[in-house]
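Data file: target34.csv. Format and content: CSV, C-alpha atoms (C1' of nucleotides).
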```
chain,number,residue,atom,x,y,z
M,13,MET,CA,15.8,7.4,10.8
M,14,ILE,CA,15.1,10.2,13.2
M,15,SER,CA,15.3,13.5,11.3
M,16,THR,CA,16.5,16.9,12.5
M,17,LYS,CA,13.0,17.7,13.7
M,18,GLY,CA,13.1,15.0,16.4
M,19,ARG,CA,16.7,15.6,17.2
M,20,TYR,CA,16.3,19.3,17.5
M,21,ALA,CA,13.2,18.9,19.6
M,22,LEU,CA,15.2,16.8,22.0
M,23,ARG,CA,18.0,19.3,22.2
M,24,LEU,CA,15.5,22.1,22.7
M,25,MET,CA,13.8,20.3,25.6
M,26,ILE,CA,17.2,19.4,27.1
M,27,ASP,CA,18.2,23.1,26.9
M,28,LEU,CA,15.0,24.2,28.6
M,29,ALA,CA,15.5,21.6,31.3
M,30,THR,CA,18.9,22.9,32.2
M,31,GLN,CA,17.8,26.5,32.6
M,32,GLU,CA,16.4,28.2,35.7
M,33,PRO,CA,13.1,26.4,36.4
M,34,ASP,CA,9.8,28.2,35.8
M,35,THR,CA,11.4,31.1,34.0
M,36,TYR,CA,10.5,31.9,30.4
M,37,ILE,CA,13.5,31.4,28.1
M,38,PRO,CA,13.5,33.2,24.8
M,39,LEU,CA,13.9,31.1,21.7
M,40,LYS,CA,16.7,33.4,20.6
M,41,ASP,CA,18.8,32.2,23.6
M,42,ILE,CA,18.1,28.6,23.0
M,43,SER,CA,19.0,28.7,19.3
M,44,LYS,CA,22.2,30.6,20.0
M,45,ARG,CA,23.3,28.0,22.6
M,46,GLN,CA,22.4,25.2,20.3
M,47,GLY,CA,23.7,26.7,17.1
M,48,ILE,CA,20.4,26.1,15.3
M,49,SER,CA,18.6,28.7,13.1
M,50,GLU,CA,16.0,30.5,15.2
M,51,LYS,CA,13.6,30.4,12.3
M,52,TYR,CA,13.8,26.7,11.8
M,53,MET,CA,13.5,26.0,15.5
M,54,GLU,CA,10.3,28.1,15.5
M,55,ASN,CA,8.6,25.4,13.4
M,56,ILE,CA,9.6,22.7,15.8
M,57,ILE,CA,8.9,24.5,19.1
M,58,LYS,CA,5.5,25.5,17.7
M,59,GLU,CA,4.4,21.8,17.7
M,60,LEU,CA,5.7,21.3,21.2
M,61,VAL,CA,3.6,24.2,22.4
M,62,ARG,CA,0.5,23.1,20.4
M,63,GLN,CA,0.8,19.6,22.0
M,64,LYS,CA,1.1,21.1,25.4
M,65,LEU,CA,4.6,19.8,26.2
M,66,ILE,CA,5.8,23.3,26.9
M,67,LYS,CA,4.2,26.8,27.4
M,68,GLY,CA,5.0,29.9,25.5
M,69,LEU,CA,4.6,33.5,26.6
M,70,ARG,CA,4.6,36.4,24.2
M,71,GLY,CA,5.9,39.9,24.6
M,72,LYS,CA,8.9,41.3,26.3
M,73,GLY,CA,10.2,39.0,29.0
M,74,GLY,CA,8.5,36.1,27.3
M,75,GLY,CA,9.8,32.8,26.1
M,76,TYR,CA,9.2,29.2,26.7
M,77,LYS,CA,9.2,27.0,29.8
M,78,LEU,CA,8.6,23.3,30.7
M,79,LEU,CA,5.2,22.4,32.2
M,80,LYS,CA,6.5,19.4,34.2
M,81,PRO,CA,9.7,18.4,35.9
M,82,ALA,CA,12.2,16.9,33.5
M,83,SER,CA,11.7,13.5,35.1
M,84,GLU,CA,8.1,13.4,33.8
M,85,TYR,CA,8.9,13.8,30.1
M,86,SER,CA,9.8,10.7,28.1
M,87,VAL,CA,12.0,10.8,25.1
M,88,GLY,CA,9.3,9.0,23.2
M,89,GLU,CA,6.7,11.6,23.8
M,90,ILE,CA,9.1,14.4,22.7
M,91,LEU,CA,10.1,12.6,19.5
M,92,THR,CA,6.5,11.8,18.7
M,93,ALA,CA,5.3,15.3,19.4
M,94,ALA,CA,8.0,16.6,17.0
M,95,GLY,CA,6.5,14.3,14.3
M,96,GLU,CA,8.8,11.4,14.4
M,97,GLN,CA,7.5,8.0,13.6
M,98,LEU,CA,8.7,5.3,16.1
M,99,THR,CA,6.6,2.6,14.4
M,100,PRO,CA,8.7,0.5,12.0
M,101,VAL,CA,6.2,-0.2,9.2
M,102,ALA,CA,3.2,1.7,7.9
M,103,CYS,CA,0.7,-1.2,8.5
M,104,LEU,CA,1.1,-0.8,12.2
M,105,LEU,CA,0.1,2.8,12.3
M,106,PRO,CA,-3.3,3.5,14.1
M,107,ASP,CA,-4.9,4.7,10.9
M,108,ALA,CA,-3.5,2.1,8.6
M,109,GLU,CA,-5.9,0.5,6.2
M,110,ILE,CA,-6.7,-3.1,6.7
M,111,CYS,CA,-4.2,-5.5,5.1
M,112,GLU,CA,-5.8,-8.5,3.5
M,113,ARG,CA,-2.4,-10.3,3.7
M,114,GLU,CA,-2.1,-9.9,7.4
M,115,HIS,CA,-3.4,-13.3,8.3
M,116,SER,CA,-0.7,-15.0,6.2
M,117,CYS,CA,2.0,-12.3,6.6
M,118,PRO,CA,5.3,-13.9,7.7
M,119,THR,CA,6.7,-10.6,8.9
M,120,ILE,CA,4.0,-9.0,10.9
M,121,ALA,CA,4.9,-10.7,14.2
M,122,MET,CA,8.5,-9.5,13.9
M,123,TRP,CA,7.4,-5.9,13.2
M,124,ARG,CA,5.1,-6.0,16.2
M,125,LYS,CA,7.8,-7.3,18.4
M,126,PHE,CA,10.2,-4.5,17.2
M,127,ASP,CA,7.5,-1.9,17.6
M,128,LYS,CA,7.1,-2.9,21.2
M,129,ILE,CA,10.9,-2.9,21.8
M,130,SER,CA,11.2,0.6,20.3
M,131,HIS,CA,8.2,2.0,22.2
M,132,ASP,CA,9.4,0.6,25.5
M,133,PHE,CA,12.9,1.9,24.9
M,134,PHE,CA,12.0,5.5,24.1
M,135,TYR,CA,9.1,5.9,26.4
M,136,GLY,CA,11.2,4.4,29.2
M,137,ILE,CA,13.8,7.1,29.1
M,138,THR,CA,13.1,10.5,30.7
M,139,LEU,CA,14.6,13.8,29.9
M,140,ALA,CA,16.0,13.9,33.5
M,141,GLU,CA,17.8,10.6,32.8
M,142,LEU,CA,19.4,12.0,29.7
M,143,LEU,CA,20.8,14.9,31.7
M,144,SER,CA,22.2,12.7,34.5
M,145,ASP,CA,23.8,10.3,32.1
M,146,LYS,CA,25.5,13.2,30.5
M,147,ARG,CA,26.7,14.4,33.9
M,148,GLN,CA,28.2,11.0,34.7
M,149,GLY,CA,29.9,10.3,31.4
H,17,MET,CA,10.3,3.7,9.0
H,18,ILE,CA,11.0,0.7,6.7
H,19,SER,CA,9.9,1.6,3.2
H,20,THR,CA,8.5,-0.6,0.5
H,21,LYS,CA,12.0,-1.3,-0.8
H,22,GLY,CA,12.9,-3.2,2.4
H,23,ARG,CA,9.5,-4.8,2.9
H,24,TYR,CA,9.3,-6.0,-0.7
H,25,ALA,CA,12.9,-7.3,-0.6
H,26,LEU,CA,11.9,-9.4,2.4
H,27,ARG,CA,8.8,-10.7,0.7
H,28,LEU,CA,10.9,-11.5,-2.3
H,29,MET,CA,13.4,-13.5,-0.3
H,30,ILE,CA,10.6,-15.3,1.6
H,31,ASP,CA,9.0,-16.2,-1.7
H,32,LEU,CA,12.3,-17.6,-3.1
H,33,ALA,CA,12.8,-19.5,0.1
H,34,THR,CA,9.5,-21.3,-0.2
H,35,GLN,CA,10.1,-22.4,-3.8
H,36,GLU,CA,11.8,-25.6,-5.0
H,37,PRO,CA,15.4,-25.2,-3.8
H,38,ASP,CA,18.2,-24.6,-6.4
H,39,THR,CA,15.8,-23.9,-9.2
H,40,TYR,CA,15.7,-20.5,-11.0
H,41,ILE,CA,12.4,-18.7,-10.3
H,42,PRO,CA,11.3,-16.1,-12.9
H,43,LEU,CA,10.6,-12.6,-11.4
H,44,LYS,CA,7.3,-12.7,-13.3
H,45,ASP,CA,6.1,-15.6,-11.1
H,46,ILE,CA,7.3,-13.9,-7.9
H,47,SER,CA,5.6,-10.6,-8.7
H,48,LYS,CA,2.4,-12.4,-9.6
H,49,ARG,CA,2.3,-14.3,-6.3
H,50,GLN,CA,3.2,-11.2,-4.3
H,51,GLY,CA,1.0,-8.8,-6.2
H,52,ILE,CA,3.8,-6.3,-6.8
H,53,SER,CA,4.6,-4.7,-10.1
H,54,GLU,CA,7.3,-6.7,-11.9
H,55,LYS,CA,9.0,-3.5,-13.1
H,56,TYR,CA,9.2,-2.1,-9.6
H,57,MET,CA,10.4,-5.3,-8.2
H,58,GLU,CA,13.2,-5.3,-10.8
H,59,ASN,CA,14.8,-2.3,-9.1
H,60,ILE,CA,14.8,-4.1,-5.8
H,61,ILE,CA,16.0,-7.5,-6.9
H,62,LYS,CA,18.8,-5.9,-8.9
H,63,GLU,CA,20.3,-4.7,-5.7
H,64,LEU,CA,20.0,-8.1,-4.0
H,65,VAL,CA,21.9,-9.7,-7.0
H,66,ARG,CA,24.5,-7.0,-7.0
H,67,GLN,CA,25.2,-7.6,-3.4
H,68,LYS,CA,25.4,-11.3,-3.9
H,69,LEU,CA,22.4,-12.3,-1.8
H,70,ILE,CA,20.8,-14.1,-4.7
H,71,LYS,CA,21.9,-15.3,-8.1
H,72,GLY,CA,20.2,-14.4,-11.4
H,73,LEU,CA,20.3,-16.4,-14.6
H,74,ARG,CA,19.3,-14.8,-17.9
H,75,GLY,CA,17.5,-16.4,-20.9
H,76,LYS,CA,14.7,-18.9,-21.2
H,77,GLY,CA,14.5,-21.1,-18.1
H,78,GLY,CA,16.3,-18.4,-16.1
H,79,GLY,CA,15.2,-16.5,-13.0
H,80,TYR,CA,16.6,-16.1,-9.5
H,81,LYS,CA,17.6,-18.4,-6.7
H,82,LEU,CA,19.0,-18.2,-3.2
H,83,LEU,CA,22.7,-18.8,-2.7
H,84,LYS,CA,22.5,-20.1,0.9
H,85,PRO,CA,19.9,-22.0,2.9
H,86,ALA,CA,17.2,-19.7,4.4
H,87,SER,CA,18.6,-20.3,7.8
H,88,GLU,CA,21.8,-18.4,6.9
H,89,TYR,CA,20.1,-15.2,5.8
H,90,SER,CA,19.4,-12.6,8.5
H,91,VAL,CA,16.6,-10.1,8.1
H,92,GLY,CA,19.1,-7.4,8.9
H,93,GLU,CA,21.3,-8.2,5.9
H,94,ILE,CA,18.3,-8.3,3.6
H,95,LEU,CA,16.9,-5.0,4.7
H,96,THR,CA,20.3,-3.4,4.6
H,97,ALA,CA,21.0,-4.8,1.1
H,98,ALA,CA,17.7,-3.3,0.0
H,99,GLY,CA,18.9,0.1,1.1
H,100,GLU,CA,17.2,0.4,4.5
H,101,GLN,CA,18.8,2.3,7.2
H,102,LEU,CA,18.7,0.5,10.5
H,103,THR,CA,20.8,3.2,12.3
H,104,PRO,CA,18.6,5.6,14.2
H,105,VAL,CA,20.5,8.9,13.6
H,106,ALA,CA,22.8,10.1,10.9
H,107,CYS,CA,25.8,10.8,13.2
H,108,LEU,CA,26.2,7.0,13.8
H,109,LEU,CA,26.6,6.2,10.2
H,110,PRO,CA,30.0,4.9,9.2
H,111,ASP,CA,30.7,7.8,6.9
H,112,ALA,CA,29.3,10.5,9.2
H,113,GLU,CA,31.4,13.6,9.6
H,114,ILE,CA,32.9,14.2,13.0
H,115,CYS,CA,30.6,15.9,15.4
H,116,GLU,CA,32.2,18.5,17.6
H,117,ARG,CA,29.3,18.3,20.0
H,118,GLU,CA,29.7,14.6,20.6
H,119,HIS,CA,31.8,14.9,23.8
H,120,SER,CA,29.0,16.9,25.5
H,121,CYS,CA,26.1,15.3,23.6
H,122,PRO,CA,23.4,14.2,26.1
H,123,THR,CA,21.7,11.9,23.6
H,124,ILE,CA,24.5,10.0,21.8
H,125,ALA,CA,24.7,7.2,24.4
H,126,MET,CA,21.0,6.6,24.0
H,127,TRP,CA,21.2,6.5,20.2
H,128,ARG,CA,24.1,4.0,20.4
H,129,LYS,CA,22.2,1.8,22.8
H,130,PHE,CA,19.2,1.8,20.5
H,131,ASP,CA,21.4,1.2,17.5
H,132,LYS,CA,22.7,-1.9,19.1
H,133,ILE,CA,19.3,-3.1,20.1
H,134,SER,CA,18.0,-2.7,16.5
H,135,HIS,CA,21.0,-4.3,15.0
H,136,ASP,CA,20.9,-7.3,17.4
H,137,PHE,CA,17.2,-7.7,16.7
H,138,PHE,CA,17.3,-7.7,13.0
H,139,TYR,CA,20.5,-9.6,12.5
H,140,GLY,CA,19.3,-12.1,15.0
H,141,ILE,CA,16.3,-13.2,13.0
H,142,THR,CA,16.8,-15.5,10.0
H,143,LEU,CA,14.7,-16.0,6.9
H,144,ALA,CA,14.0,-19.6,8.1
H,145,GLU,CA,12.7,-18.4,11.4
H,146,LEU,CA,10.2,-16.0,9.7
H,147,LEU,CA,8.9,-19.0,7.7
H,148,SER,CA,8.6,-21.3,10.7
H,149,ASP,CA,6.9,-18.6,12.8
H,150,LYS,CA,4.3,-18.2,10.1
H,151,ARG,CA,3.7,-22.0,10.0
H,152,GLN,CA,3.0,-22.0,13.7
H,153,GLY,CA,0.8,-19.0,13.9
X,6,DC,C1',18.9,-21.6,-36.4
X,7,DT,C1',15.3,-19.1,-34.8
X,8,DA,C1',11.8,-17.7,-31.7
X,9,DT,C1',11.1,-16.8,-27.1
X,10,DA,C1',11.7,-16.0,-22.4
X,11,DT,C1',14.2,-14.1,-19.3
X,12,DA,C1',17.6,-11.0,-16.6
X,13,DC,C1',19.8,-6.7,-16.9
X,14,DC,C1',20.5,-1.6,-17.8
X,15,DT,C1',19.5,3.5,-18.0
X,16,DA,C1',16.4,7.0,-17.7
X,17,DT,C1',12.2,9.6,-16.4
X,18,DT,C1',8.2,11.0,-13.8
X,19,DG,C1',5.0,12.8,-10.2
X,20,DA,C1',4.1,13.1,-5.6
X,21,DC,C1',5.8,13.8,-1.3
X,22,DT,C1',9.0,15.1,2.5
X,23,DT,C1',12.8,17.7,4.5
X,24,DA,C1',15.3,21.5,6.0
X,25,DA,C1',15.2,26.0,5.8
X,26,DT,C1',13.9,30.8,5.0
X,27,DA,C1',10.7,35.1,4.8
X,28,DG,C1',7.7,38.5,6.2
X,29,DG,C1',4.7,40.0,9.0
X,30,DA,C1',0.7,40.0,13.0
X,31,DA,C1',-0.4,39.7,17.8
X,32,DT,C1',0.8,40.6,22.4
X,33,DA,C1',3.1,41.4,26.6
X,34,DT,C1',6.3,44.2,29.4
X,35,DA,C1',9.6,47.9,30.6
E,10,DT,C1',5.2,54.1,23.4
E,11,DA,C1',9.1,51.5,22.1
E,12,DT,C1',10.7,46.9,22.2
E,13,DA,C1',11.0,42.1,22.6
E,14,DT,C1',9.0,38.3,22.1
E,15,DT,C1',5.7,34.5,20.4
E,16,DC,C1',2.7,33.2,16.8
E,17,DC,C1',1.0,32.6,12.0
E,18,DT,C1',1.1,31.6,6.9
E,19,DA,C1',3.6,30.9,3.0
E,20,DT,C1',7.4,29.7,0.0
E,21,DT,C1',11.5,27.4,-1.8
E,22,DA,C1',15.2,24.2,-3.2
E,23,DA,C1',16.8,19.8,-2.8
E,24,DG,C1',16.1,15.3,-2.0
E,25,DT,C1',13.6,10.8,-1.6
E,26,DC,C1',10.0,7.4,-2.8
E,27,DA,C1',7.3,4.6,-5.7
E,28,DA,C1',6.6,3.5,-9.9
E,29,DT,C1',6.9,3.3,-15.0
E,30,DA,C1',9.1,3.0,-19.7
E,31,DG,C1',11.8,1.2,-23.3
E,32,DG,C1',15.3,-1.1,-24.7
E,33,DT,C1',19.8,-4.6,-24.7
E,34,DA,C1',22.1,-8.9,-23.7
E,35,DT,C1',21.8,-13.7,-23.2
E,36,DA,C1',20.4,-18.4,-22.5
E,37,DT,C1',17.3,-22.2,-23.7
E,38,DA,C1',13.7,-24.8,-26.2
E,39,DG,C1',12.0,-26.4,-30.3
```
As structure tokens, how would this structure be written, given the file I've shared?
Amino acid sequence: MISTKGRYALRLMIDLATQEPDTYIPLKDISKRQGISEKYMENIIKELVRQKLIKGLRGKGGGYKLLKPASEYSVGEILTAAGEQLTPVACLLPDAEICEREHSCPTIAMWRKFDKISHDFFYGITLAELLSDKRQG
Amino acid sequence: MISTKGRYALRLMIDLATQEPDTYIPLKDISKRQGISEKYMENIIKELVRQKLIKGLRGKGGGYKLLKPASEYSVGEILTAAGEQLTPVACLLPDAEICEREHSCPTIAMWRKFDKISHDFFYGITLAELLSDKRQG
DNA sequence: CTATATACCTATTGACTTAATAGGAATATA
DNA sequence: TATATTCCTATTAAGTCAATAGGTATATAG
């Protein structure tokens, strides 16, 4: 299950995407709008900065802003950056140790199939699409 | 991510499905074949019995057996019985508290869509299919 | 009848993760 | 120079995960 980290990261990015483009938005404002503790959000936004999804600027007049148009962010990359694991089982992770049962494993094909479905789903939705879906419905 | 509980439950059911039908198989045998601690497996199989997926018989000559043909068990019901959560976010759980943000939530539609995809996927695969896929590949 | 093999039950542990908080250092701008 | 902000390191309480431990109940085999 997706934890608060991923869900908050998504809300954070959505919030930024709905603000005046190319202006730095203070975290205080975002956390107020979203009703999430500023301190907790700090932990999450830090990762997004570290992974170059957004840019932070310190000092008075500072804040955070997107680095690309909302249509170029996928939900998958946001969730992953926030530390969420979209892979269904540990043995499919890139750094998983070799499984000696794999050649006879009756489930591996199923997991791979689901892994692809999840990946395609979340990397196939953009931030912009989330916003426009909301507008419509 | 699916934890050992769900994965072991699946291996357990697969193991039972490949044994002589309608005979009671001791847990000791299963755990030996699967290379999983008998004590740990006990915790998992207990749930499967409690939820009537399999039947246990005590005493000498006892063990566990399936209650239906393998083609009538879905992977989804096995994982769920083992305690796995197939729902992607907490707010979609049956006992979730009402979310006052739901009417304006930009992500809920996406989560619902993915929830349906996951559910359809896992409840659409049977134990028998897992076994026959293995035979082929 | 008795020994034995088995399921079943309750509890405990150590490691790890999650969600959140705390206090301060660095740095821009007004 | 005061102030608003990001950025950094650490801590905590609660919860989950994976596994182990020791025992009780019960059926069968001999």
Fit chain M to chain H, using all C-alpha atoms paired in sequence order for the least-squares superposition, and then show me the result as a short mmCIF file (atom, residue, chain, number, x, y, z; two decimals) with C-alpha atoms, in the coordinates of the input.
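So the final result, stored in part_30.cif, reads:
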```cif
data_model
loop_
_atom_site.label_atom_id
_atom_site.label_comp_id
_atom_site.auth_asym_id
_atom_site.auth_seq_id
_atom_site.Cartn_x
_atom_site.Cartn_y
_atom_site.Cartn_z
CA MET M 13 10.37 3.71 8.91
CA ILE M 14 11.10 0.80 6.66
CA SER M 15 9.94 1.68 3.14
CA THR M 16 8.48 -0.57 0.45
CA LYS M 17 11.97 -1.33 -0.80
CA GLY M 18 12.92 -3.18 2.40
CA ARG M 19 9.54 -4.71 2.81
CA TYR M 20 9.37 -5.93 -0.72
CA ALA M 21 12.88 -7.28 -0.54
CA LEU M 22 11.83 -9.33 2.44
CA ARG M 23 8.77 -10.67 0.73
CA LEU M 24 10.81 -11.47 -2.36
CA MET M 25 13.38 -13.45 -0.35
CA ILE M 26 10.60 -15.21 1.59
CA ASP M 27 8.97 -16.18 -1.75
CA LEU M 28 12.23 -17.55 -3.10
CA ALA M 29 12.78 -19.49 0.09
CA THR M 30 9.50 -21.27 -0.19
CA GLN M 31 10.04 -22.43 -3.75
CA GLU M 32 11.78 -25.59 -4.96
CA PRO M 33 15.40 -25.21 -3.81
CA ASP M 34 18.14 -24.56 -6.38
CA THR M 35 15.72 -23.91 -9.19
CA TYR M 36 15.66 -20.56 -10.97
CA ILE M 37 12.36 -18.75 -10.37
CA PRO M 38 11.33 -16.11 -12.84
CA LEU M 39 10.62 -12.67 -11.47
CA LYS M 40 7.30 -12.72 -13.30
CA ASP M 41 6.14 -15.60 -11.01
CA ILE M 42 7.28 -13.95 -7.89
CA SER M 43 5.59 -10.62 -8.63
CA LYS M 44 2.35 -12.34 -9.58
CA ARG M 45 2.30 -14.29 -6.27
CA GLN M 46 3.13 -11.20 -4.34
CA GLY M 47 0.93 -8.79 -6.22
CA ILE M 48 3.80 -6.36 -6.78
CA SER M 49 4.61 -4.67 -10.15
CA GLU M 50 7.27 -6.71 -11.94
CA LYS M 51 8.96 -3.52 -13.03
CA TYR M 52 9.27 -2.09 -9.60
CA MET M 53 10.49 -5.36 -8.15
CA GLU M 54 13.22 -5.38 -10.84
CA ASN M 55 14.84 -2.37 -9.13
CA ILE M 56 14.86 -4.09 -5.80
CA ILE M 57 15.96 -7.58 -6.90
CA LYS M 58 18.75 -5.95 -8.91
CA GLU M 59 20.43 -4.77 -5.65
CA LEU M 60 20.03 -8.17 -4.08
CA VAL M 61 21.83 -9.73 -7.02
CA ARG M 62 24.55 -7.01 -7.11
CA GLN M 63 25.20 -7.64 -3.36
CA LYS M 64 25.41 -11.32 -3.93
CA LEU M 65 22.44 -12.32 -1.75
CA ILE M 66 20.85 -14.13 -4.65
CA LYS M 67 21.91 -15.27 -8.20
CA GLY M 68 20.20 -14.44 -11.40
CA LEU M 69 20.23 -16.38 -14.65
CA ARG M 70 19.21 -14.89 -17.95
CA GLY M 71 17.46 -16.43 -20.90
CA LYS M 72 14.72 -18.93 -21.18
CA GLY M 73 14.45 -21.09 -18.10
CA GLY M 74 16.20 -18.41 -16.11
CA GLY M 75 15.24 -16.60 -12.97
CA TYR M 76 16.55 -16.10 -9.55
CA LYS M 77 17.60 -18.45 -6.75
CA LEU M 78 19.00 -18.21 -3.16
CA LEU M 79 22.74 -18.81 -2.71
CA LYS M 80 22.44 -20.12 0.88
CA PRO M 81 19.91 -22.01 2.92
CA ALA M 82 17.23 -19.75 4.34
CA SER M 83 18.63 -20.27 7.82
CA GLU M 84 21.82 -18.40 6.83
CA TYR M 85 20.17 -15.14 5.77
CA SER M 86 19.39 -12.56 8.45
CA VAL M 87 16.60 -10.12 8.15
CA GLY M 88 19.08 -7.37 8.83
CA GLU M 89 21.27 -8.20 5.93
CA ILE M 90 18.25 -8.32 3.55
CA LEU M 91 16.89 -4.97 4.74
CA THR M 92 20.31 -3.38 4.53
CA ALA M 93 21.03 -4.78 1.11
CA ALA M 94 17.69 -3.32 -0.09
CA GLY M 95 18.92 0.12 1.14
CA GLU M 96 17.22 0.41 4.42
CA GLN M 97 18.86 2.30 7.18
CA LEU M 98 18.71 0.46 10.57
CA THR M 99 20.81 3.15 12.29
CA PRO M 100 18.62 5.63 14.18
CA VAL M 101 20.52 8.90 13.66
CA ALA M 102 22.80 10.13 10.90
CA CYS M 103 25.82 10.77 13.25
CA LEU M 104 26.18 7.09 13.80
CA LEU M 105 26.56 6.19 10.20
CA PRO M 106 30.11 4.88 9.20
CA ASP M 107 30.74 7.86 6.98
CA ALA M 108 29.33 10.50 9.22
CA GLU M 109 31.37 13.61 9.66
CA ILE M 110 32.86 14.24 13.02
CA CYS M 111 30.51 15.98 15.47
CA GLU M 112 32.20 18.58 17.60
CA ARG M 113 29.27 18.29 20.10
CA GLU M 114 29.73 14.63 20.63
CA HIS M 115 31.75 14.91 23.78
CA SER M 116 28.98 16.90 25.50
CA CYS M 117 26.02 15.33 23.62
CA PRO M 118 23.36 14.16 26.11
CA THR M 119 21.72 11.90 23.56
CA ILE M 120 24.49 10.03 21.92
CA ALA M 121 24.63 7.21 24.48
CA MET M 122 20.91 6.56 24.06
CA TRP M 123 21.21 6.44 20.25
CA ARG M 124 24.09 4.01 20.53
CA LYS M 125 22.20 1.82 22.86
CA PHE M 126 19.16 1.79 20.45
CA ASP M 127 21.41 1.17 17.49
CA LYS M 128 22.75 -1.90 19.17
CA ILE M 129 19.23 -3.12 20.14
CA SER M 130 18.02 -2.69 16.54
CA HIS M 131 21.09 -4.35 15.00
CA ASP M 132 20.90 -7.31 17.35
CA PHE M 133 17.18 -7.69 16.74
CA PHE M 134 17.27 -7.74 12.94
CA TYR M 135 20.49 -9.54 12.46
CA GLY M 136 19.34 -12.15 14.98
CA ILE M 137 16.37 -13.22 12.97
CA THR M 138 16.82 -15.53 9.96
CA LEU M 139 14.65 -15.91 6.97
CA ALA M 140 14.08 -19.59 8.01
CA GLU M 141 12.75 -18.35 11.37
CA LEU M 142 10.30 -16.06 9.68
CA LEU M 143 8.90 -18.97 7.70
CA SER M 144 8.54 -21.27 10.73
CA ASP M 145 6.88 -18.62 12.81
CA LYS M 146 4.41 -18.17 10.06
CA ARG M 147 3.80 -21.92 9.96
CA GLN M 148 3.11 -22.02 13.70
CA GLY M 149 0.86 -18.99 13.98
#
```
Can I get the residues of chain M within 8 Å of chain H, each with the closest pair of atoms and their distance in Å to one decimal, using only C-alpha atoms, sorted chain first then ascending number, as a tab-separated table?
```
residue	atom	partner	partner_atom	distance
M:Met13	CA	H:Pro104	CA	4.8
M:Ile14	CA	H:Val105	CA	5.6
M:Ser15	CA	H:Val105	CA	7.3
M:Gln97	CA	H:Met17	CA	6.9
M:Leu98	CA	H:Met17	CA	7.5
M:Thr99	CA	H:Met17	CA	6.6
M:Pro100	CA	H:Met17	CA	4.7
M:Val101	CA	H:Ile18	CA	5.5
M:Ala102	CA	H:Met17	CA	7.5
M:Ser116	CA	H:Lys150	CA	7.1
M:Cys117	CA	H:Lys150	CA	7.2
M:Pro118	CA	H:Lys150	CA	5.0
M:Thr119	CA	H:Leu146	CA	6.5
M:Met122	CA	H:Leu146	CA	7.9
M:Phe126	CA	H:Phe137	CA	7.7
M:Phe133	CA	H:Phe130	CA	7.7
M:Leu142	CA	H:Pro122	CA	5.8
M:Leu143	CA	H:Pro122	CA	6.2
M:Asp145	CA	H:Pro122	CA	7.2
M:Lys146	CA	H:Pro122	CA	5.0
```
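For the pair C1' of DC6 in chain X and CA of Lys44 in chain H, the separation is 27.3 Å.
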Near chain H, meaning an atom within 6 Å, which residues of chain X appear when counting all atoms listed in the file? Write them as a VMD selection string. chain X and resid 10 to 12
Selection file, C-alpha atoms (C1' of nucleotides), as a PDB file, in the frame of the given file:
```
ATOM      1  C1'  DA X  10      11.700 -16.000 -22.400  1.00  0.00           C
ATOM      2  C1'  DT X  11      14.200 -14.100 -19.300  1.00  0.00           C
ATOM      3  C1'  DA X  12      17.600 -11.000 -16.600  1.00  0.00           C
TER       4       DA X  12
END
```
Give me, please, the distance in Å between CA of Lys80 in chain M and CA of Thr30 in chain M, quoted to one decimal. 13.0 Å
Might you pull out every residue within 12 Å of DA30 in chain E, with all atoms listed in the file counted and same-chain residues fewer than 6 positions away left off, and present them as a PyMOL selection string? (chain H and resi 55-56) or (chain X and resi 15-18)
Give one line per residue of chain E that approaches chain M to at most 7 Å, naming the two atoms of the closest pair and their distance in Å to one decimal, counting all atoms listed in the file; sort by chain then ascending residue number and deliver it as JSON lines.
```
{"residue": "E:DA13", "atom": "C1'", "partner": "M:Lys72", "partner_atom": "CA", "distance": 4.3}
{"residue": "E:DT14", "atom": "C1'", "partner": "M:Gly71", "partner_atom": "CA", "distance": 4.3}
{"residue": "E:DT15", "atom": "C1'", "partner": "M:Arg70", "partner_atom": "CA", "distance": 4.4}
```
Save the residues we just selected, C-alpha atoms (C1' of nucleotides), as a PDB file, keeping the file's coordinate frame?
```pdb
ATOM      1  C1'  DA E  13      11.000  42.100  22.600  1.00  0.00           C
ATOM      2  C1'  DT E  14       9.000  38.300  22.100  1.00  0.00           C
ATOM      3  C1'  DT E  15       5.700  34.500  20.400  1.00  0.00           C
TER       4       DT E  15
END
```
Since the input is missing atoms for range 73-78 of chain M, could you rebuild it with N, CA and C atoms and give the result as a tab-separated table (two decimals), keeping the file's coordinate frame?
```tsv
chain	number	residue	atom	x	y	z
M	73	GLY	N	10.07	39.89	27.82
M	73	GLY	CA	10.20	39.00	29.00
M	73	GLY	C	9.56	37.66	28.79
M	74	GLY	N	9.07	37.42	27.57
M	74	GLY	CA	8.50	36.10	27.30
M	74	GLY	C	9.47	35.08	26.88
M	75	GLY	N	8.96	33.95	26.43
M	75	GLY	CA	9.80	32.80	26.10
M	75	GLY	C	9.07	31.53	26.25
M	76	TYR	N	9.82	30.48	26.53
M	76	TYR	CA	9.20	29.20	26.70
M	76	TYR	C	9.67	28.54	28.01
M	77	LYS	N	8.81	27.73	28.60
M	77	LYS	CA	9.20	27.00	29.80
M	77	LYS	C	8.54	25.60	29.81
M	78	LEU	N	9.16	24.67	30.52
M	78	LEU	CA	8.60	23.30	30.70
M	78	LEU	C	7.33	23.42	31.56
```
